[in-house]
Every structure is written in C-alpha cells, then in structure tokens.
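Note: the block below is work30.cif and it holds mmCIF, C-alpha atoms.
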data_upload
loop_
_atom_site.label_atom_id
_atom_site.label_comp_id
_atom_site.auth_asym_id
_atom_site.auth_seq_id
_atom_site.Cartn_x
_atom_site.Cartn_y
_atom_site.Cartn_z
CA MET A 728 -48.01 3.02 -58.83
CA GLY A 729 -46.87 3.71 -62.33
CA LEU A 730 -44.20 1.02 -62.15
CA LYS A 731 -45.02 -2.59 -62.61
CA GLY A 732 -44.82 -4.60 -59.45
CA GLY A 733 -44.00 -1.47 -57.50
CA GLY A 734 -40.44 -1.50 -58.92
CA PHE A 735 -39.39 -4.37 -56.72
CA GLU A 736 -38.33 -6.62 -59.51
CA ARG A 737 -35.18 -4.71 -60.19
CA LYS A 738 -32.11 -6.61 -59.13
CA SER A 739 -29.76 -4.79 -56.80
CA LYS A 740 -26.14 -4.73 -57.80
CA ALA A 741 -25.04 -4.79 -54.14
CA SER A 742 -23.97 -8.19 -52.88
CA GLY A 743 -26.33 -9.86 -50.45
CA GLU A 744 -23.47 -11.12 -48.31
CA ILE A 745 -22.01 -9.40 -45.30
CA PRO A 746 -18.36 -8.69 -46.06
CA SER A 747 -16.35 -10.91 -43.76
CA SER A 748 -12.86 -9.81 -44.68
CA SER A 749 -12.79 -7.18 -41.94
CA MET A 750 -14.14 -9.54 -39.29
CA ALA A 751 -10.61 -10.35 -38.14
CA ASP A 752 -9.89 -6.66 -37.64
CA ILE A 753 -13.05 -6.24 -35.59
CA ALA A 754 -12.17 -9.24 -33.43
CA PHE A 755 -8.61 -8.08 -32.83
CA LEU A 756 -9.87 -4.61 -32.05
CA LEU A 757 -12.16 -6.04 -29.37
CA LEU A 758 -9.33 -8.22 -28.04
CA ILE A 759 -6.92 -5.31 -27.79
CA PHE A 760 -9.63 -3.05 -26.31
CA PHE A 761 -10.33 -5.48 -23.46
CA MET A 762 -6.63 -6.12 -22.90
CA VAL A 763 -5.93 -2.41 -22.58
CA THR A 764 -8.91 -1.47 -20.43
CA THR A 765 -8.57 -4.31 -17.91
CA VAL A 766 -7.04 -2.85 -14.78
CA PHE A 767 -5.51 -5.19 -12.31
CA ARG A 768 -4.85 -3.92 -8.85
CA ALA A 769 -1.16 -3.16 -8.74
CA GLU A 770 -0.88 -3.76 -5.02
CA ALA A 771 1.19 -6.78 -4.14
CA ALA A 772 -0.31 -9.31 -1.77
CA ARG A 773 1.38 -9.66 1.59
CA PRO A 774 2.10 -13.18 2.81
CA ILE A 775 -0.54 -13.75 5.46
CA GLU A 776 -2.43 -16.74 6.73
CA TRP A 777 -6.14 -16.10 6.21
CA PRO A 778 -8.55 -16.73 9.04
CA SER A 779 -11.63 -18.65 8.00
CA ALA A 780 -15.23 -18.09 8.99
CA GLY A 781 -18.54 -19.66 8.02
CA ALA A 782 -20.40 -16.35 8.00
CA THR A 783 -18.08 -14.90 5.34
CA GLU A 784 -19.98 -12.70 2.92
CA GLN A 785 -19.16 -10.94 -0.32
CA ILE A 786 -18.54 -7.23 -0.29
CA ASP A 787 -20.54 -5.53 -3.01
CA GLU A 788 -18.79 -2.22 -3.25
CA LYS A 789 -16.81 -0.50 -5.97
CA ARG A 790 -13.19 -1.48 -5.80
CA ASP A 791 -12.16 2.15 -5.54
CA ASN A 792 -14.04 2.34 -2.26
CA ILE A 793 -12.27 -0.61 -0.69
CA LEU A 794 -8.97 -0.01 1.05
CA TYR A 795 -6.85 -2.98 1.98
CA LEU A 796 -5.03 -2.83 5.26
CA TRP A 797 -2.62 -5.68 5.73
CA LEU A 798 -1.68 -6.63 9.26
CA GLU A 799 1.17 -9.08 9.47
CA ARG A 800 2.00 -11.52 12.22
CA ASN A 801 4.63 -9.23 13.77
CA GLY A 802 2.25 -6.25 13.82
CA ASP A 803 3.52 -4.54 10.65
CA ILE A 804 0.86 -2.63 8.74
CA TRP A 805 0.96 -2.26 4.98
CA ILE A 806 -1.30 0.10 3.06
CA ASN A 807 -0.80 0.40 -0.71
CA ASP A 808 2.58 -1.37 -0.60
CA ARG A 809 3.87 0.97 2.06
CA LEU A 810 4.84 0.08 5.61
CA VAL A 811 2.82 2.42 7.80
CA PRO A 812 3.64 2.91 11.48
CA MET A 813 0.70 2.16 13.78
CA ALA A 814 0.44 5.79 14.94
CA ASP A 815 0.09 7.07 11.34
CA VAL A 816 -2.77 4.82 10.23
CA ALA A 817 -5.42 7.42 11.11
CA THR A 818 -3.65 10.19 9.16
CA VAL A 819 -3.27 7.93 6.12
CA ILE A 820 -6.89 6.75 6.09
CA GLY A 821 -8.57 10.01 7.16
CA PRO A 822 -8.21 11.78 3.77
CA ARG A 823 -9.25 8.63 1.89
CA TRP A 824 -12.41 8.39 4.01
CA LEU A 825 -13.44 11.94 3.13
CA GLU A 826 -12.42 11.50 -0.53
CA SER A 827 -14.72 8.49 -0.88
CA GLY A 828 -17.71 10.44 0.42
CA GLN A 829 -17.71 8.54 3.72
CA ARG A 830 -18.32 5.25 1.99
CA LEU A 831 -14.85 3.77 2.32
CA ILE A 832 -14.74 0.16 3.42
CA ILE A 833 -11.59 -0.98 5.17
CA SER A 834 -10.77 -4.59 4.40
CA LEU A 835 -8.63 -5.56 7.35
CA ARG A 836 -6.49 -8.41 6.11
CA ALA A 837 -4.99 -9.57 9.34
CA ASP A 838 -2.94 -12.71 9.78
CA ALA A 839 -4.82 -15.43 11.64
CA SER A 840 -2.18 -15.58 14.37
CA VAL A 841 -1.52 -11.88 14.91
CA PRO A 842 -1.99 -11.00 18.61
CA TYR A 843 -5.27 -9.19 19.18
CA ARG A 844 -3.53 -6.18 20.76
CA PHE A 845 -2.50 -5.05 17.25
CA VAL A 846 -6.00 -5.55 15.86
CA ASP A 847 -7.36 -3.44 18.71
CA LEU A 848 -4.81 -0.68 18.04
CA VAL A 849 -5.79 -0.67 14.36
CA GLN A 850 -9.46 -0.37 15.33
CA GLU A 851 -8.65 2.59 17.56
CA GLN A 852 -6.84 4.25 14.66
CA LEU A 853 -9.74 3.58 12.31
CA LYS A 854 -12.20 5.10 14.78
CA ARG A 855 -10.00 8.19 14.99
CA SER A 856 -9.87 8.52 11.20
CA GLY A 857 -13.66 8.18 11.02
CA ALA A 858 -13.70 5.08 8.82
CA VAL A 859 -16.31 2.96 10.54
CA TYR A 860 -17.05 0.35 7.90
CA VAL A 861 -14.65 -2.48 8.50
CA VAL A 862 -14.54 -5.94 7.05
CA PHE A 863 -12.40 -8.56 8.70
CA ALA A 864 -11.14 -10.35 5.62
CA THR A 865 -11.74 -14.08 5.95
CA GLU A 866 -12.03 -17.09 3.75
CA LEU A 867 -15.26 -19.02 3.67
CA GLU A 868 -14.92 -22.01 5.92
CA ARG A 869 -15.45 -25.02 3.69
CA ARG A 870 -16.81 -27.46 6.22
CA MET A 871 -19.56 -25.03 7.23
CA THR A 872 -21.00 -24.75 3.73
CA GLY A 873 -24.06 -26.80 4.60
CA ALA A 874 -24.94 -24.50 7.47
CA ARG A 875 -25.66 -21.37 5.50
CA ARG A 876 -25.25 -21.51 1.76
CA MET B 76 18.27 -26.15 -62.52
CA ALA B 77 15.09 -27.19 -64.04
CA ILE B 78 13.37 -27.97 -60.76
CA CYS B 79 13.78 -24.48 -59.46
CA LYS B 80 12.00 -22.94 -62.37
CA MET B 81 8.92 -25.05 -61.88
CA LYS B 82 6.10 -22.95 -60.53
CA SER B 83 4.44 -24.25 -57.45
CA LYS B 84 0.72 -24.55 -57.57
CA VAL B 85 0.43 -23.85 -53.86
CA SER B 86 -0.50 -20.25 -53.11
CA ASP B 87 2.23 -18.37 -51.23
CA GLU B 88 -0.27 -16.31 -49.26
CA ILE B 89 -1.23 -17.06 -45.69
CA PRO B 90 -4.95 -17.87 -45.71
CA SER B 91 -6.62 -15.04 -43.85
CA SER B 92 -10.18 -16.31 -43.89
CA SER B 93 -9.73 -18.13 -40.57
CA MET B 94 -8.04 -15.15 -38.90
CA ALA B 95 -11.39 -13.96 -37.53
CA ASP B 96 -11.98 -17.34 -35.91
CA ILE B 97 -8.54 -17.28 -34.30
CA ALA B 98 -9.09 -13.76 -32.99
CA PHE B 99 -12.52 -14.58 -31.57
CA LEU B 100 -11.13 -17.73 -30.03
CA LEU B 101 -8.48 -15.68 -28.24
CA LEU B 102 -11.07 -13.10 -27.21
CA ILE B 103 -13.40 -15.71 -25.75
CA PHE B 104 -10.51 -17.55 -24.08
CA PHE B 105 -9.41 -14.43 -22.23
CA LEU B 106 -12.98 -13.46 -21.35
CA VAL B 107 -13.56 -16.86 -19.79
CA THR B 108 -10.25 -17.27 -17.98
CA THR B 109 -10.09 -13.80 -16.41
CA VAL B 110 -10.82 -14.16 -12.72
CA PHE B 111 -11.43 -11.06 -10.67
CA PRO B 112 -10.52 -11.43 -7.01
CA ARG B 113 -13.63 -11.11 -4.86
CA ASP B 114 -13.43 -9.49 -1.49
CA THR B 115 -14.90 -11.54 1.28
CA GLY B 116 -15.05 -11.10 5.01
CA LEU B 117 -17.04 -10.40 8.14
CA ARG B 118 -18.66 -7.00 8.20
CA VAL B 119 -18.60 -4.85 11.30
CA VAL B 120 -19.37 -1.20 11.84
CA LEU B 121 -17.14 0.44 14.40
CA PRO B 122 -18.64 2.93 16.83
CA GLU B 123 -17.67 6.51 16.15
CA GLU B 124 -15.09 8.06 18.39
CA ALA B 125 -16.25 9.26 21.80
CA GLU B 126 -19.54 7.49 21.26
CA GLU B 127 -20.16 5.83 24.56
CA VAL B 128 -23.45 4.16 25.13
CA GLN B 129 -24.42 3.17 28.61
CA VAL B 130 -26.12 -0.18 28.67
CA SER B 131 -27.62 -2.03 31.53
CA GLN B 132 -25.45 -4.92 32.67
CA ARG B 133 -28.51 -7.12 32.45
CA ASN B 134 -28.43 -6.82 28.65
CA VAL B 135 -24.78 -7.74 28.20
CA LEU B 136 -23.35 -11.14 27.47
CA HIS B 137 -19.63 -11.04 28.13
CA LEU B 138 -17.50 -13.29 25.95
CA GLN B 139 -13.88 -13.27 27.06
CA VAL B 140 -11.54 -14.78 24.50
CA GLN B 141 -8.42 -16.21 26.12
CA PRO B 142 -5.04 -16.72 24.37
CA ASN B 143 -5.62 -20.48 24.09
CA GLY B 144 -8.88 -19.90 22.22
CA VAL B 145 -11.16 -20.82 25.12
CA VAL B 146 -14.14 -18.50 25.54
CA GLU B 147 -15.28 -17.51 29.00
CA VAL B 148 -18.95 -16.65 29.06
CA ARG B 149 -20.25 -14.36 31.77
CA TYR B 150 -23.86 -13.23 32.00
CA GLY B 151 -24.37 -9.58 32.88
CA GLU B 152 -23.72 -8.87 36.52
CA SER B 153 -22.97 -12.38 37.64
CA GLU B 154 -19.37 -13.23 38.45
CA ASP B 155 -19.21 -16.90 37.58
CA LEU B 156 -17.46 -17.80 34.36
CA GLN B 157 -18.36 -20.65 32.10
CA GLN B 158 -15.57 -21.93 29.87
CA VAL B 159 -16.66 -23.12 26.44
CA PRO B 160 -15.02 -23.66 23.05
CA ALA B 161 -15.79 -21.08 20.37
CA SER B 162 -17.99 -23.57 18.52
CA GLN B 163 -20.57 -23.46 21.34
CA VAL B 164 -20.96 -19.68 21.29
CA GLN B 165 -23.53 -19.90 18.52
CA SER B 166 -25.97 -22.03 20.52
CA ILE B 167 -25.32 -20.04 23.72
CA TRP B 168 -26.19 -16.82 21.93
CA ARG B 169 -29.34 -18.32 20.43
CA THR B 170 -30.68 -19.51 23.78
CA ASN B 171 -29.84 -16.24 25.52
CA VAL B 172 -31.20 -13.92 22.86
CA ALA B 173 -34.47 -15.84 22.90
CA GLU B 174 -34.86 -14.86 26.55
CA ASN B 175 -33.69 -11.28 26.12
CA PRO B 176 -34.03 -9.70 22.65
CA ASN B 177 -32.08 -6.61 23.74
CA LEU B 178 -28.96 -8.63 24.46
CA ILE B 179 -25.59 -7.20 23.44
CA ALA B 180 -22.56 -9.38 22.86
CA ALA B 181 -19.40 -7.88 24.36
CA VAL B 182 -16.47 -9.74 22.86
CA LYS B 183 -13.44 -9.01 25.00
CA THR B 184 -10.28 -10.45 23.58
CA HIS B 185 -7.05 -10.98 25.50
CA PRO B 186 -4.16 -8.92 24.02
CA ASP B 187 -2.15 -12.07 23.36
CA ALA B 188 -5.00 -14.05 21.83
CA PRO B 189 -4.60 -14.71 18.11
CA HIS B 190 -6.81 -12.81 15.69
CA SER B 191 -8.36 -16.08 14.51
CA ALA B 192 -9.73 -16.76 18.04
CA MET B 193 -11.67 -13.49 17.93
CA ILE B 194 -12.80 -14.22 14.36
CA ALA B 195 -14.11 -17.61 15.49
CA VAL B 196 -16.32 -15.96 18.14
CA LEU B 197 -17.42 -13.16 15.80
CA ASP B 198 -18.22 -15.78 13.17
CA ALA B 199 -20.33 -17.79 15.62
CA LEU B 200 -22.23 -14.65 16.65
CA GLN B 201 -22.86 -13.59 13.05
CA LEU B 202 -24.01 -17.09 12.14
CA ALA B 203 -26.44 -16.90 15.03
CA GLY B 204 -27.76 -13.64 13.64
CA ALA B 205 -26.35 -11.30 16.29
CA GLU B 206 -26.23 -7.67 15.25
CA ARG B 207 -25.34 -5.89 18.45
CA ILE B 208 -21.71 -6.83 18.89
CA SER B 209 -19.06 -4.86 20.73
CA LEU B 210 -15.38 -5.66 20.19
CA GLN B 211 -13.13 -4.76 23.07
CA LEU B 212 -9.72 -5.49 24.48
CA LEU B 213 -9.74 -7.59 27.64
CA GLU B 214 -8.09 -5.71 30.44
CA GLU B 215 -5.48 -7.79 32.14
CA THR B 216 -6.04 -8.16 35.84
#
Would you kindly transcribe this structure into structure tokens?
Amino acid sequence: MGLKGGGFERKSKASGEIPSSSMADIAFLLLIFFMVTTVFRAEAARPIEWPSAGATEQIDEKRDNILYLWLERNGDIWINDRLVPMADVATVIGPRWLESGQRLIISLRADASVPYRFVDLVQEQLKRSGAVYVVFATELERRMTGARR
Amino acid sequence: MAICKMKSKVSDEIPSSSMADIAFLLLIFFLVTTVFPRDTGLRVVLPEEAEEVQVSQRNVLHLQVQPNGVVEVRYGESEDLQQVPASQVQSIWRTNVAENPNLIAAVKTHPDAPHSAMIAVLDALQLAGAERISLQLLEET
C-alpha cells in the first residue's frame, strides 16, 4: 500500500533457474532404489513341458499368495526348490494355507505328459491340507486366440 | 622438452552435465525391459475333504479320458459309450447343457493318461462355459 507498485519491482537475487547439477544424483538414486527393491523370485524353474489350453486366464493374486507346486514327468514333486515326497505334500502346504488367511492359490505346474495318477494323488493331498484353490498352470494356446480373446 | 610444457586448452575434467541424461537413460531402459512373469492357468476349486454331494445320475455327463487321449462320453445312466476326440467335447457340452441346465461334467481320467489329455478336456469345458466340473480318477475295471 505504502510501497510503489506493491513492492513487486524489486529484483530477486535468487536465480530463476532450477539447479540441474544434482539431477544426476537424483537419477542414480532412483536407479539404485529400483534395483535394490526389485525382488525376483529365487525359486529355480523345473524343466517341464507346459500343457497348453485356450481357456488360460491370468491369475490376479499377490505373488505371496501363490505357491508353485512342480510335478515332473516321473512324479517328483518340488515345492520351493525342495523335493517333497507325495505323502508329505499336505503337511507342507497346510501351514501355508492357514498363514495366507485361506487365500492361498496352488499353481500346479505339472508336466504335460505326467500320468494322471500323480495329478490325482496331488489333488487328494491338497484336499487334505485344505487348499482348495488350484490353478492348473498352462500356456495360452496360440491357435485358439480367435476363439476367446 | 618444449612440447611437454605446453598447456593444453582442453579441459581435463569429465563433463558432468550429461550425467543426468545417462542415468535417466539407464533408469528408463531397466524400467522398460523388466518383465515380470505372469501366472496363467486353468482355475479349479477342489471340493473340501469329506464333502460328498449326491447328484442324480440324470444330471451327470461322464467324460472318460483314456490314455490315448480319446474321450468316452456317457450320458447319465445309459451304458453306451461314444468315443470322441477332446476337440468335440466343447460342442457336446453346449448341446447337452442347453437341454439340462443342471448338468455336471464328471471328468474321469485313466491313471495312465497324460496330464495334457485331462487339460484338453477341462479346457474344452471351460471354453464352453461349464462351471460344475468334477475331476476324478477312472477306476480300472
């Protein structure tokens, strides 16, 4: 009011430019942050032949709530890089099922040519452990793409 | 020597003004190239243990998967089997469920049949929109 022009004519001594010398530090910080926080699943993939299906769908569930159960051609079962005997599957999965708040999804990664008797035994074990949500892991069948999506 | 004493006009510092660009380039490169494995498959919900539901034989479509991948279709109480490839299961289910909406698919797989043979039938049923599916082991006779 008392000042002329509201005092806006005074020139600021501060530079009008954003200091860009620390930009590199910011970028590297972001780079290192993402590198450190990215968690890759440590579990090694078993060599299996994937069955394919046209009705294959995505599983939208937190990765912590998905348990991979590998079933090889000779009937061997691998859970978390450990060979689990068929009779122990229920005791291994039971605690995980309760831990996840009964939301655990079993991704059954069975070889395409494994005899069905093993798949049936696994299902019996899963029923005993209580884990009822099962996904038969498959690959989307390419030639069926026009049929559904 | 005289040459050695000459001062170079070129600055001996590494130019750091483009460092930010390099860092962001790396950042964007890794953001774009990171691929997270997606889980895909056919969903089923297993029945809980000791949960036995009695269903009328009239509402059951038996699909017996043989080791060679052939599917034997048997309707409810009837005894005659119809042998079809797995690719025809989809249309068979569609025609049958149109007649009887309460139909249940009982997929009985032979112990020696490969897993992929059962997946083929399950796939056909899911493509046809079947929701009431029972997976069983075929008893050898």
Give me the residues of chain B that have any atom at most 6 Å from an atom of chain A; for each, the nearest atom pair and the distance in Å, rounded to one decimal. Use only C-alpha atoms, sort by chain and number, and format it as a tab-separated table.
residue	atom	partner	partner_atom	distance
B:Met94	CA	A:Ala751	CA	5.5
B:Ala95	CA	A:Ala751	CA	3.7
B:Ala98	CA	A:Ala754	CA	5.5
B:Phe99	CA	A:Ala754	CA	5.7
B:Leu102	CA	A:Leu758	CA	5.2
B:Asp114	CA	A:Ile786	CA	5.7
B:Thr115	CA	A:Gln785	CA	4.6
B:Gly116	CA	A:Ala864	CA	4.0
B:Leu117	CA	A:Phe863	CA	5.0
B:Arg118	CA	A:Val862	CA	4.4
B:Val119	CA	A:Val861	CA	5.4
B:Val120	CA	A:Tyr860	CA	4.8
B:Leu121	CA	A:Val859	CA	4.7
B:Glu123	CA	A:Lys854	CA	5.8
B:Glu124	CA	A:Lys854	CA	5.5
B:Pro186	CA	A:Arg844	CA	4.3
B:Asp187	CA	A:Pro842	CA	4.9
B:Ala188	CA	A:Pro842	CA	5.4
B:Pro189	CA	A:Ser840	CA	4.5
B:His190	CA	A:Ala839	CA	5.2
B:Ser191	CA	A:Ala839	CA	4.6
B:Asp198	CA	A:Ala780	CA	5.6
B:Leu202	CA	A:Ala782	CA	5.5
Review point. When you draw a straight line from atom CA of B:Ala199 to atom CA of B:Val148, how long is it in Å?
Key: 13.6 Å
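With only C-alpha atoms as the basis for measurement, B:Val146 is the residue among B:Val130, B:Leu106, B:Leu100, B:Val146 that approaches B:Ala195 most closely.
If you look at atom CA of A:Asn807 and atom CA of A:Gly828, they are 19.7 Å away from each other.
Closest to B:Pro112 among A:Asn801, A:Val849, A:Ala772, A:Asp815 is A:Ala772, based on only C-alpha atoms.
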Practice item. Take atom CA of B:Gln211 and atom CA of B:Val182 and report the distance between them in Å, one decimal. Key: 6.0 Å
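Residues with at least one atom no more than 6 Å from (-13.5, -23.7, 27.5), using all atoms listed in the file, are Val145, Val146, Gln158, Val159 and Pro160 of chain B.
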Exercise for review: Please identify all polymer residues within 8 Å of B:Glu147, counting only C-alpha atoms, omitting same-chain residues fewer than 2 positions from it, and present them as an NGL selection string.
Suggested key: :B and (137-141 or 145 or 149 or 156-159)
Check your understanding: Restricting the calculation to only C-alpha atoms, which member of B:Leu136, B:Val128, B:Val107, B:Leu101 is positioned closest to B:Trp168?
Key -> B:Leu136
Exercise for review: Name the residues that the PyMOL selection byres ((chain B and resi 131) around 12) picks from the file above, as a count of residues only, using the file's chain letters and numbers.
Suggested key: 14
Box time for stretch 89-100 of chain B: axis-aligned, enclosing all its listed atoms, 8 Å extra on each side; report centre and edge lengths in Å to one decimal, as lines of an AutoDock Vina configuration file.
center_x = -6.9
center_y = -15.9
center_z = -37.9
size_x = 27.3
size_y = 20.4
size_z = 31.7
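In terms of minimum interatomic distance to A:Trp824, A:Asp791 ranks closest within A:Glu868, A:Glu770, A:Asp791, A:Glu744, counting all atoms listed in the file.
Among the candidate residues B:Arg207, B:Lys84, B:Arg169, B:Arg113, the one lying nearest to B:Ala181 is B:Arg207, with distances computed using all atoms listed in the file.
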